[in-house]
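Worksheet: one structure, shown below.
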Amino acid sequence: MTTFDANGVTLERVREHVWEITQEGEMRTPARVLASEALLEEISQDKTLEQLQNATHLPGMTNYAICMPDGHQGYGFPVGGVGALDAEDGCISPGAVGYDINCGVRMMRTNLTYSEVKGHEEELVDSLFANIPSGLGGGGIVETGIDDVEEILARGVDWALENGHAVEDDLLHCEDEGMREEADPSKVSQKAKDRGKNQIGSLGSGNHFLEVQRVTDVFDDEVGAAFGLEEDQIVVLIHCGSRGLGHQTCNDYLRKIERQHQGLLSQLPDKELAAAPAGSQLAEDYYGAMNAAINFAWVNRQLIMHRTRRVFERVFDRSWEEMEMDLLYDVAHNIAKKETHTVGPDGRPAAESDATANEERELFVHRKGATRAFPKGHPEVPAAYRDVGQPVIIPGSMGAGSYVLRGGEASMDLTFGSTAHGAGRLMSRTQAKNDYWGGDVQQELEEQDQIYVKAQSGATIAEEAPGVYKDVDEVVRVSDELGIGDKVARTFPVCNIKG
DNA sequence: ATGTCC
């Protein structure tokens with residue numbers, strides 16, 4: 001048996017790309033890392049493995065705590081982590097959702113080709129930057145009153161449709177159709193609403209961006225055709241979340257849960273894993289508030305996408321409908337959702353159990369820096385894609401391009417229908433700023449790769465330099481070879497705006 | 001990620 005040792009954590013290689021931390025002590029389940037040996041080596045450099053092992057102490061953990069190939073350490077629970085916790089006798093943990101509730105990505109198609117856009121890059125990047133709010137703090141596409149915030153929290157993209165920021169087709173191509181019905185705006189604090197009300201339609205900062213890209217490869221012609229993707233086509237990728245509103249909501253509930261559920265907290269190896277027991281008032285309240293913040297983030301991405309259509313109309317002098325600027329798909333990668341999955345007796349993996357003992361269980365599936373990747377035939381895959389599988393969008397760094405995958409056949413058995421969410425950081429923001437200077441990175445991207453980047457701050461470009469990220473090709477290779485998310489297409493940046 | 005410490 002091949003083993004891998006890192007900082008007192010031992011992993012056994014189960015098979016290609018599957019590594020397991022054996023259950024011992026207070027662990028409720030084993031833990032699994034899905035990675036190549038090279039990625040595992042990178043993952044082992046920070047606290048990810050310790051956090052993954054800690055996560056198995058959460059009540060109701062089912063099968064395994066799982067770390068994706070792009071995993072790195074986060075608040076309490078790894079970014080790139082999946083934890084399915086029993087919704088009846090388990091718990092829900094804000095740290096296993098993440099501070100940026102419904103951080104996610106959407107991809108919009110166009111019928112433009114790269115040759116039509118080449119030569120317009122600077123005009124396009126300037127116009128996008130001028131029209132799409134970005135950076136820290138306030139300023140959004142719509143400046144609205146608190147009544148609208150309440151509606152957005154309750155109804156998600158349905159609000160955008162009613163207010164002229166969306167078309168019906170946009171809703172059909174979004175995870176959960178852009179609305180969590182269990183949202184309860186009354187459980188979102190006034191402070192969070194105040195922070196959100198002037199940030200509706202804004203990118204934010206950090207790794208959030210809007211990128212115009214060209215499709216460089218279509219690996220699967222049938223699925224590529226179903227997704228409306230072909231080589232040389234221009235697409236737009238939008239990556240952002242719920243801004244200050246989601247951050248405040250996460251913070252509010254962490255503090256409340258720490259105070260009210262000290263008994264559970266005392267059983268956990270890390271205070272940052274603070275969790276509310278299923279069925280408790282705070283579990284209900286957090287779930288309602290989190291779902292409301294999820295709706296807010298979907299509206300945020302929707303408004304940015306719709307504004308992008310207007311920018312393209314001005315730059316290319318034709319209507320967005322004429323340019324067929326349709327939403328391909330929007331996927332969340334920081335969420336928890338009550339889902340039904342087939343599990344074996346005592347929360348063991350169904351695939352490794354006697355099938356007659358398997359049962360359907362309601363689970364809070366926490367995907368933190370992990371993307372839903374439902375296979376073909378799943379009822380929650382939009383009708384347009386049901387025969388091929390759910391689109392999965394994996395953004396790479398601004399110098400490396402991105403991938404479109406489709407949910408793979410093995411995802412339900414291995415990962416509760418999930419895969420990776422990006423390249424994953426290799427170094428801290430502080431170290432990145434020591435190693436890189438924004439202006440140099442920007443100039444190099446433009447001169448060497450014809451990638452036009454515009455940001456509010458040079459520091460953000462340094463923090464997001466291509467070299468601070470893992471190899472997205474390797475992350476996607478692992479996903480594809482495991483069969484949890486299959487490669488469909490690859491894109492390369494044309495221009496990028498960020499905070 | 002985040003009015004990067006109420």
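Note on naming: chains are A, B, ... as they come in the structure tokens, residues start from 1 per chain, ligands start from 1 in the order shown.
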
### Task
Extract, using only C-alpha atoms (C1' of nucleotides), all DNA, RNA and protein residues at most 7 Å from range 475-478 of chain A, discarding same-chain residues fewer than 4 positions from it, and format them as a list in words.
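In the requested form, the answer reads His17, Ala35, Ser36, Pro69, Asp70, Ala423, Asp471 and Leu482 of chain A.
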
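Backbone DSSP over range 383-441 of chain A gives alpha helix (DSSP H) for Ser411, Met412, Asp413, Leu414, Thr415, Arg429, Thr430, Gln431, Ala432, Lys433, Asn434, Asp435, Gly438, Gly439, Asp440 and Val441 of chain A.
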
Could you tell me which residues of chain A sit within 9 Å of chain B when counting only C-alpha atoms (C1' of nucleotides), and give me the result as an mmCIF file with all heavy atoms, in the first residue's frame?
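Ended up saving to out35.cif:
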```cif
data_model
loop_
_atom_site.group_PDB
_atom_site.id
_atom_site.type_symbol
_atom_site.label_atom_id
_atom_site.label_comp_id
_atom_site.auth_asym_id
_atom_site.auth_seq_id
_atom_site.Cartn_x
_atom_site.Cartn_y
_atom_site.Cartn_z
ATOM 1 N N GLY A 98 -18.415 28.878 3.599
ATOM 2 C CA GLY A 98 -17.469 29.929 3.232
ATOM 3 C C GLY A 98 -18.037 31.303 3.503
ATOM 4 O O GLY A 98 -19.256 31.483 3.606
ATOM 5 N N TYR A 99 -17.141 32.252 3.647
ATOM 6 C CA TYR A 99 -17.549 33.637 3.908
ATOM 7 C C TYR A 99 -18.294 34.232 2.719
ATOM 8 O O TYR A 99 -19.261 34.977 2.883
ATOM 9 C CB TYR A 99 -16.320 34.504 4.235
ATOM 10 C CG TYR A 99 -16.101 34.661 5.716
ATOM 11 C CD1 TYR A 99 -15.321 33.752 6.421
ATOM 12 C CD2 TYR A 99 -16.707 35.695 6.402
ATOM 13 C CE1 TYR A 99 -15.125 33.889 7.789
ATOM 14 C CE2 TYR A 99 -16.523 35.846 7.761
ATOM 15 C CZ TYR A 99 -15.726 34.935 8.449
ATOM 16 O OH TYR A 99 -15.557 35.082 9.803
ATOM 17 N N ASP A 100 -17.821 33.926 1.517
ATOM 18 C CA ASP A 100 -18.486 34.507 0.344
ATOM 19 C C ASP A 100 -19.575 33.548 -0.141
ATOM 20 O O ASP A 100 -19.362 32.736 -1.029
ATOM 21 C CB ASP A 100 -17.475 34.799 -0.765
ATOM 22 C CG ASP A 100 -18.106 35.615 -1.884
ATOM 23 O OD1 ASP A 100 -19.283 36.026 -1.751
ATOM 24 O OD2 ASP A 100 -17.424 35.836 -2.899
ATOM 25 N N CYS A 103 -20.394 32.491 -3.831
ATOM 26 C CA CYS A 103 -19.368 32.829 -4.806
ATOM 27 C C CYS A 103 -19.572 31.803 -5.927
ATOM 28 O O CYS A 103 -19.845 30.636 -5.659
ATOM 29 C CB CYS A 103 -17.997 32.660 -4.171
ATOM 30 S SG CYS A 103 -16.662 33.158 -5.262
ATOM 31 N N LEU A 136 -13.222 47.150 -3.815
ATOM 32 C CA LEU A 136 -13.789 47.085 -2.465
ATOM 33 C C LEU A 136 -14.828 48.183 -2.281
ATOM 34 O O LEU A 136 -14.778 49.206 -2.950
ATOM 35 C CB LEU A 136 -12.688 47.259 -1.421
ATOM 36 C CG LEU A 136 -11.789 46.045 -1.163
ATOM 37 C CD1 LEU A 136 -10.631 46.436 -0.260
ATOM 38 C CD2 LEU A 136 -12.576 44.900 -0.561
ATOM 39 N N GLY A 137 -15.738 47.963 -1.366
ATOM 40 C CA GLY A 137 -16.687 49.003 -1.010
ATOM 41 C C GLY A 137 -17.926 49.034 -1.889
ATOM 42 O O GLY A 137 -18.242 48.071 -2.576
ATOM 43 N N GLY A 138 -18.618 50.170 -1.853
ATOM 44 C CA GLY A 138 -19.936 50.269 -2.478
ATOM 45 C C GLY A 138 -19.903 50.698 -3.921
ATOM 46 O O GLY A 138 -18.847 50.924 -4.495
ATOM 47 N N ARG A 195 -25.128 46.721 4.029
ATOM 48 C CA ARG A 195 -23.888 46.573 3.282
ATOM 49 C C ARG A 195 -24.168 46.171 1.835
ATOM 50 O O ARG A 195 -23.422 46.528 0.928
ATOM 51 C CB ARG A 195 -22.989 45.514 3.938
ATOM 52 C CG ARG A 195 -22.313 45.994 5.195
ATOM 53 C CD ARG A 195 -21.396 44.946 5.795
ATOM 54 N NE ARG A 195 -20.198 44.733 4.993
ATOM 55 C CZ ARG A 195 -19.193 43.949 5.349
ATOM 56 N NH1 ARG A 195 -19.235 43.299 6.494
ATOM 57 N NH2 ARG A 195 -18.135 43.812 4.576
ATOM 58 N N SER A 205 -13.580 42.417 -5.182
ATOM 59 C CA SER A 205 -12.121 42.443 -5.314
ATOM 60 C C SER A 205 -11.553 41.025 -5.282
ATOM 61 O O SER A 205 -12.261 40.051 -5.531
ATOM 62 C CB SER A 205 -11.558 43.308 -4.181
ATOM 63 O OG SER A 205 -10.184 43.481 -4.331
ATOM 64 N N GLY A 206 -10.276 40.924 -4.938
ATOM 65 C CA GLY A 206 -9.643 39.608 -4.800
ATOM 66 C C GLY A 206 -9.615 38.857 -6.110
ATOM 67 O O GLY A 206 -9.233 39.407 -7.138
ATOM 68 N N ASN A 207 -10.055 37.593 -6.070
ATOM 69 C CA ASN A 207 -9.982 36.774 -7.292
ATOM 70 C C ASN A 207 -11.214 36.933 -8.174
ATOM 71 O O ASN A 207 -11.400 36.175 -9.122
ATOM 72 C CB ASN A 207 -9.752 35.298 -6.929
ATOM 73 C CG ASN A 207 -10.900 34.700 -6.144
ATOM 74 O OD1 ASN A 207 -11.831 35.394 -5.753
ATOM 75 N ND2 ASN A 207 -10.835 33.411 -5.904
ATOM 76 N N GLY A 241 -19.399 37.013 -6.077
ATOM 77 C CA GLY A 241 -20.270 36.425 -5.069
ATOM 78 C C GLY A 241 -21.272 37.391 -4.477
ATOM 79 O O GLY A 241 -21.853 38.210 -5.191
ATOM 80 N N ARG A 243 -20.729 39.647 -2.046
ATOM 81 C CA ARG A 243 -20.148 40.888 -1.526
ATOM 82 C C ARG A 243 -20.290 41.014 0.008
ATOM 83 O O ARG A 243 -20.256 40.020 0.704
ATOM 84 C CB ARG A 243 -20.763 42.105 -2.252
ATOM 85 C CG ARG A 243 -20.626 42.116 -3.781
ATOM 86 C CD ARG A 243 -19.210 42.221 -4.303
ATOM 87 N NE ARG A 243 -18.299 42.977 -3.486
ATOM 88 C CZ ARG A 243 -18.161 44.312 -3.468
ATOM 89 N NH1 ARG A 243 -18.887 45.057 -4.289
ATOM 90 N NH2 ARG A 243 -17.301 44.898 -2.676
ATOM 91 N N GLY A 244 -20.461 42.232 0.477
ATOM 92 C CA GLY A 244 -20.499 42.447 1.924
ATOM 93 C C GLY A 244 -21.694 41.776 2.596
ATOM 94 O O GLY A 244 -21.621 41.423 3.773
ATOM 95 N N HIS A 247 -20.787 38.114 3.355
ATOM 96 C CA HIS A 247 -19.724 38.130 4.352
ATOM 97 C C HIS A 247 -20.287 38.433 5.733
ATOM 98 O O HIS A 247 -19.991 37.748 6.719
ATOM 99 C CB HIS A 247 -18.688 39.188 3.949
ATOM 100 C CG HIS A 247 -17.448 39.172 4.793
ATOM 101 N ND1 HIS A 247 -17.337 39.903 5.949
ATOM 102 C CD2 HIS A 247 -16.283 38.523 4.638
ATOM 103 C CE1 HIS A 247 -16.141 39.691 6.474
ATOM 104 N NE2 HIS A 247 -15.479 38.863 5.703
ATOM 105 N N GLN A 248 -21.139 39.443 5.810
ATOM 106 C CA GLN A 248 -21.756 39.835 7.075
ATOM 107 C C GLN A 248 -22.648 38.714 7.605
ATOM 108 O O GLN A 248 -22.679 38.443 8.808
ATOM 109 C CB GLN A 248 -22.568 41.119 6.890
ATOM 110 C CG GLN A 248 -23.092 41.712 8.179
ATOM 111 C CD GLN A 248 -21.972 42.179 9.084
ATOM 112 O OE1 GLN A 248 -21.035 42.838 8.640
ATOM 113 N NE2 GLN A 248 -22.042 41.824 10.354
#
```

### Query
Could you pull the residues within 12 Å of Trp159 in chain A, counting only C-alpha atoms (C1' of nucleotides), minus those fewer than 4 positions along the same chain, as a list in words?
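With the cut-off at 12 Å, the set is Asp147, Asp148, Val149, Glu150, Glu151, Ile152, Leu153, Ala154, Arg155, Asn163, Gly164, His165, Ala166, Val167, Glu168, Leu171, Gly178, Met179, Asn295, Phe296, Trp298, Val299, Asn300, Gln302 and Leu303 of chain A.
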
### Query
Which polymer residues have any atom within 10 Å of an atom of range 88-96 of chain A, counting only C-alpha atoms (C1' of nucleotides), with same-chain residues fewer than 6 positions away left out, as an MDAnalysis selection string?
chainID A and resid 55 58:62 74:82 249:254 257 264 271:280 282:284 286:287 290 334:337 361:369

Residues from last step as file, N, CA and C atoms, as a compact mmCIF listing (two decimals), in the first residue's frame:
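Contents of the output file selection-v8.txt:
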```
# COMPACT_ATOMS: atom_id res chain seq x y z
N ALA A 55 -12.70 18.13 9.89
CA ALA A 55 -14.08 18.19 9.39
C ALA A 55 -14.82 16.87 9.63
N LEU A 58 -17.40 16.56 12.50
CA LEU A 58 -18.73 17.18 12.47
C LEU A 58 -19.82 16.11 12.54
N PRO A 59 -20.80 16.30 13.43
CA PRO A 59 -21.89 15.32 13.54
C PRO A 59 -22.62 15.13 12.21
N GLY A 60 -22.90 13.88 11.89
CA GLY A 60 -23.67 13.58 10.68
C GLY A 60 -22.83 13.48 9.42
N MET A 61 -21.50 13.58 9.55
CA MET A 61 -20.65 13.45 8.35
C MET A 61 -20.95 12.09 7.69
N THR A 62 -21.10 12.12 6.39
CA THR A 62 -21.53 10.93 5.67
C THR A 62 -20.48 10.53 4.63
N GLY A 74 -8.68 26.97 4.32
CA GLY A 74 -9.66 28.06 4.40
C GLY A 74 -10.01 28.33 5.85
N TYR A 75 -11.12 29.00 6.09
CA TYR A 75 -11.58 29.25 7.46
C TYR A 75 -12.18 27.94 7.99
N GLY A 76 -11.42 27.24 8.82
CA GLY A 76 -11.90 26.02 9.47
C GLY A 76 -11.96 24.80 8.56
N PHE A 77 -12.54 24.96 7.41
CA PHE A 77 -12.84 23.86 6.48
C PHE A 77 -12.15 24.19 5.16
N PRO A 78 -11.52 23.20 4.50
CA PRO A 78 -10.74 23.53 3.30
C PRO A 78 -11.59 24.17 2.19
N VAL A 79 -10.98 25.09 1.47
CA VAL A 79 -11.55 25.54 0.20
C VAL A 79 -11.26 24.38 -0.77
N GLY A 80 -12.30 23.95 -1.48
CA GLY A 80 -12.13 22.72 -2.26
C GLY A 80 -12.61 21.53 -1.44
N GLY A 81 -13.48 21.81 -0.45
CA GLY A 81 -13.98 20.76 0.43
C GLY A 81 -15.46 20.46 0.20
N VAL A 82 -15.82 19.19 0.35
CA VAL A 82 -17.22 18.79 0.31
C VAL A 82 -17.51 18.01 1.58
N THR A 249 -23.37 38.07 6.71
CA THR A 249 -24.28 36.98 7.11
C THR A 249 -23.48 35.82 7.71
N CYS A 250 -22.38 35.46 7.06
CA CYS A 250 -21.53 34.39 7.58
C CYS A 250 -21.03 34.75 8.97
N ASN A 251 -20.53 35.97 9.07
CA ASN A 251 -19.98 36.42 10.34
C ASN A 251 -21.05 36.44 11.45
N ASP A 252 -22.22 36.99 11.13
CA ASP A 252 -23.32 37.05 12.11
C ASP A 252 -23.61 35.66 12.69
N TYR A 253 -23.73 34.68 11.81
CA TYR A 253 -24.14 33.34 12.26
C TYR A 253 -23.01 32.57 12.93
N LEU A 254 -21.78 32.80 12.51
CA LEU A 254 -20.66 32.17 13.23
C LEU A 254 -20.69 32.60 14.69
N ILE A 257 -23.75 31.09 16.56
CA ILE A 257 -23.61 29.64 16.76
C ILE A 257 -22.56 29.35 17.82
N LEU A 264 -21.70 21.56 21.31
CA LEU A 264 -21.22 20.95 20.07
C LEU A 264 -19.81 21.45 19.75
N LYS A 271 -12.47 25.70 16.58
CA LYS A 271 -13.59 26.63 16.79
C LYS A 271 -14.18 27.13 15.47
N GLU A 272 -13.33 27.18 14.45
CA GLU A 272 -13.80 27.71 13.15
C GLU A 272 -14.80 26.77 12.46
N LEU A 273 -14.93 25.55 12.99
CA LEU A 273 -15.93 24.61 12.41
C LEU A 273 -17.30 24.77 13.06
N ALA A 274 -17.46 25.75 13.93
CA ALA A 274 -18.72 25.96 14.65
C ALA A 274 -19.94 25.60 13.81
N ALA A 275 -20.84 24.79 14.39
CA ALA A 275 -21.96 24.26 13.62
C ALA A 275 -23.23 24.27 14.46
N ALA A 276 -24.36 24.43 13.79
CA ALA A 276 -25.66 24.38 14.46
C ALA A 276 -26.28 23.01 14.22
N PRO A 277 -26.74 22.34 15.28
CA PRO A 277 -27.34 21.01 15.12
C PRO A 277 -28.58 21.07 14.23
N ALA A 278 -28.74 20.08 13.36
CA ALA A 278 -29.92 20.01 12.51
C ALA A 278 -31.17 20.08 13.37
N GLY A 279 -32.13 20.86 12.93
CA GLY A 279 -33.38 20.98 13.67
C GLY A 279 -33.38 22.10 14.69
N SER A 280 -32.20 22.63 15.05
CA SER A 280 -32.16 23.75 16.00
C SER A 280 -32.64 25.03 15.31
N LEU A 282 -31.18 27.90 15.25
CA LEU A 282 -30.10 28.56 14.51
C LEU A 282 -29.77 27.86 13.20
N ALA A 283 -29.94 26.55 13.16
CA ALA A 283 -29.72 25.83 11.89
C ALA A 283 -30.75 26.29 10.86
N GLU A 284 -32.00 26.42 11.32
CA GLU A 284 -33.07 26.90 10.42
C GLU A 284 -32.80 28.33 9.98
N TYR A 286 -29.93 30.06 9.97
CA TYR A 286 -28.77 30.20 9.09
C TYR A 286 -29.13 29.70 7.68
N TYR A 287 -29.85 28.60 7.61
CA TYR A 287 -30.20 28.06 6.28
C TYR A 287 -31.06 29.07 5.50
N MET A 290 -28.69 32.03 4.63
CA MET A 290 -27.73 31.64 3.60
C MET A 290 -28.41 31.55 2.23
N ASN A 334 -19.82 28.07 -3.45
CA ASN A 334 -19.76 28.23 -1.98
C ASN A 334 -21.18 28.15 -1.43
N ILE A 335 -21.68 26.99 -1.23
CA ILE A 335 -23.09 26.85 -0.81
C ILE A 335 -23.27 25.60 0.07
N ALA A 336 -24.42 25.55 0.74
CA ALA A 336 -24.89 24.28 1.29
C ALA A 336 -26.30 24.09 0.76
N LYS A 337 -26.65 22.85 0.49
CA LYS A 337 -28.01 22.59 0.01
C LYS A 337 -28.51 21.26 0.56
N ARG A 361 -31.06 9.46 1.89
CA ARG A 361 -30.94 10.32 3.06
C ARG A 361 -30.94 11.78 2.65
N GLU A 362 -31.56 12.60 3.48
CA GLU A 362 -31.49 14.05 3.31
C GLU A 362 -30.22 14.54 3.95
N LEU A 363 -29.40 15.24 3.16
CA LEU A 363 -28.11 15.71 3.66
C LEU A 363 -27.94 17.19 3.38
N PHE A 364 -27.28 17.89 4.30
CA PHE A 364 -26.82 19.24 3.98
C PHE A 364 -25.49 19.06 3.25
N VAL A 365 -25.52 19.16 1.93
CA VAL A 365 -24.27 19.03 1.18
C VAL A 365 -23.59 20.39 1.16
N HIS A 366 -22.47 20.46 1.85
CA HIS A 366 -21.67 21.70 1.89
C HIS A 366 -20.64 21.62 0.76
N ARG A 367 -20.69 22.56 -0.16
CA ARG A 367 -19.67 22.63 -1.21
C ARG A 367 -18.97 23.97 -1.07
N LYS A 368 -17.75 23.92 -0.54
CA LYS A 368 -16.99 25.15 -0.31
C LYS A 368 -15.79 25.15 -1.26
N GLY A 369 -15.85 26.00 -2.27
CA GLY A 369 -14.82 25.91 -3.29
C GLY A 369 -14.94 24.60 -4.04
```

### Two-atom distance - CA of Asp486 in chain A, CA of Leu405 in chain A (Å)
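That distance, rounded to one decimal, is 5.1 Å.
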
## Note on the structure
Here CA of Glu352 in chain A and CA of Pro379 in chain A stand apart by 24.7 Å

### Task
Run DSSP on the backbone of this structure and report the residues of range 122-366 of chain A it assigns to strand (DSSP E or B), as a VMD selection string.
chain A and resid 174 209 to 218 233 to 240 276 to 277 327 to 332 334 to 343 359 to 366

### Task
Find the residues around Val441 in chain A up to 12 Å (only C-alpha atoms (C1' of nucleotides) counted), leave out those fewer than 3 positions away in its own chain, and share them as an NGL selection string.
:A and (398-399 or 432-433 or 435-438 or 444-449 or 451-455 or 458-468)
